[in-house]
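K.L.:
The following block contains the structure, expressed as structure tokens.
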Amino acid sequence: MREHAGRLQLSLAPLVALILVATLSIDFLSAYIRHTEAGLGCRDWPACYGQIGESIASVEQPGIARHALTPDPLAKRAHRLLATGLVVMVLLLLHRSRQRGALAGFEAQIPLLMAALLLLLAVIGPASYLKTRPAIAACNLLGGMALAALSWRLLLGLRRSARVVSSVRLRRLTRIALGLLVLQLALGAWVSANFAGLACGGLLDCAAPANAGTDSVPAAFWYFRELALDADGRVPTTAGSVAIHVAHHAGACLAAFALLAAGVQALRERVPRHVVLPVLALLLAQLGLGAFMVSASLPLPLVLAHSTVAALLLLSLMRLDYTLQPASPERRS
């Protein structure tokens with residue numbers, strides 16, 4: 001019976017790996033389409049950043065809105081094709097995971113969670129043209145990231161990745177780092193969804209302009225807020241958008257400190273280097289990309305690299321967390 005269950009799990013691993021690759025590819029294409037629609041890389045940079053008035057005029061000017069929502073027809077087609085394939089693969093995984101002995105415990109619930117996430121994203125997706133509703137873009141981004149995280153967690157279990165005994169302190173540090181990283185990802189999604197990428201001219205240059213709008217700081221973090229547009233159909237920089245950007249900077253510092261502490265402690269406890277070093281390397285890369293990206297006024301290639309490295313950093317930290325296991329009662333005593 002155990003041999004049969006083991007064969008079933010190994011047969012599921014290639015399918016889950018394909019789901020992970022498809023999800024990461026969709027996340028990258030979504031980031032490209034979203035940032036292009038926001039104005040990154042446009043000819044009149046940075047004056048065109050956040051100029052979304054034409055994108056939301058779907059009733060009065062459907063032709064303009066349709067064109068604005070398709071910055072690159074090839075990227076849009078590839079996104080739809082991959083999304084269709086992803087739905088088919090997740091449904092196939094859900095069917096095969098129901099076989100007796102295929103999955104157990106929490107891992108048995110992961111295909112159901114993945115299907116529920118896909119359903120949520122399918123409902124939210126058609127509303128993507130509502131650029132003045134930051135919750136739509138944030139849900140899309142975080143939903144795609146969560147789908148990648150679930151498939152990665154399932155793949156780690158299916159491949160029976162090696163685990164090592166670790167201290168309570170290390171496991172707590174890793175969980176804290178993971179929580180702060182998820183919070184930082186949410187703040188990054190909120191920066192993008194609120195078109196606050198240029199609210200700060202540099203790491204230390206964060207101050208609302210003299211002609212800033214009346215958007216208050218508490219309102220900037222209200223999830224169901226609606227963005228106001230100026231006479232040119234552009235999202236103006238306000239005190240609220242500056243607060244969002246500053247919160248993202250502060251979150252980066254906290255998350256980096258926690259990740260560094262967890263990585264150093266893991267090396268001290270002789271956790272395999274091939275598990276720990278990717279976390280530290282991706283952390284340094286992400287910090288460097290973030291600093292250079294802001295100082296260079298958000299060039300599109302760096303922004304895409306920043307979002308991709310963020311996803312890889314999350315997966316590498318999840319691998320470290322999975323690798324750690326508590327000592328047996330006999331060994332603790």
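Residues are named by chain letter and number: chains run A, B, ... in the order of the structure tokens, numbers start at 1 in each chain, and ligands are numbered from 1 in the order shown.
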Hey, which bits of range 56-169 of chain A sit within 12 Å of range 245-266 of chain A, and for each residue what's the closest pair of atoms and how far apart in Å (one decimal), counting only C-alpha atoms, rows by chain and increasing number, as JSON lines?
P.N.:
{"residue": "A:Val164", "atom": "CA", "partner": "A:Ala266", "partner_atom": "CA", "distance": 10.6}
{"residue": "A:Val165", "atom": "CA", "partner": "A:Ala266", "partner_atom": "CA", "distance": 10.9}
{"residue": "A:Ser166", "atom": "CA", "partner": "A:Ala266", "partner_atom": "CA", "distance": 8.4}
{"residue": "A:Ser167", "atom": "CA", "partner": "A:Ala266", "partner_atom": "CA", "distance": 9.4}
{"residue": "A:Val168", "atom": "CA", "partner": "A:Gln265", "partner_atom": "CA", "distance": 11.2}
{"residue": "A:Arg169", "atom": "CA", "partner": "A:Gln265", "partner_atom": "CA", "distance": 8.6}
K.L.:
To test your reading of the structure, identify every residue in range 163-311 of chain A that backbone DSSP assigns to strand (DSSP E or B), and report it as a ChimeraX atom specification.
P.N.:
/A:164-165,213,234,238
K.L.:
I need the chosen residues saved as an mmCIF file, in the first residue's frame, with N, CA and C atoms.
P.N.:
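Output file part34.cif follows:
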data_model
loop_
_atom_site.group_PDB
_atom_site.id
_atom_site.type_symbol
_atom_site.label_atom_id
_atom_site.label_comp_id
_atom_site.auth_asym_id
_atom_site.auth_seq_id
_atom_site.Cartn_x
_atom_site.Cartn_y
_atom_site.Cartn_z
ATOM 1 N N VAL A 164 16.046 18.541 8.000
ATOM 2 C CA VAL A 164 17.074 18.474 9.035
ATOM 3 C C VAL A 164 16.483 18.936 10.362
ATOM 4 N N VAL A 165 17.008 18.380 11.431
ATOM 5 C CA VAL A 165 16.580 18.782 12.773
ATOM 6 C C VAL A 165 17.119 20.173 13.067
ATOM 7 N N GLY A 213 -2.350 66.192 -3.765
ATOM 8 C CA GLY A 213 -3.790 66.113 -3.573
ATOM 9 C C GLY A 213 -4.172 66.001 -2.111
ATOM 10 N N ARG A 234 -4.923 61.350 -14.967
ATOM 11 C CA ARG A 234 -3.735 60.771 -14.344
ATOM 12 C C ARG A 234 -3.925 60.662 -12.837
ATOM 13 N N THR A 238 0.018 62.067 -3.982
ATOM 14 C CA THR A 238 -0.582 62.670 -2.798
ATOM 15 C C THR A 238 0.196 62.247 -1.559
#
K.L.:
Looking at A:Leu91, A:Leu183, A:Ala149, A:Leu154, which one is nearest to Pro14 in chain A, with distances taken over only C-alpha atoms?
P.N.:
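Under the stated criterion, the closest residue is A:Leu154.
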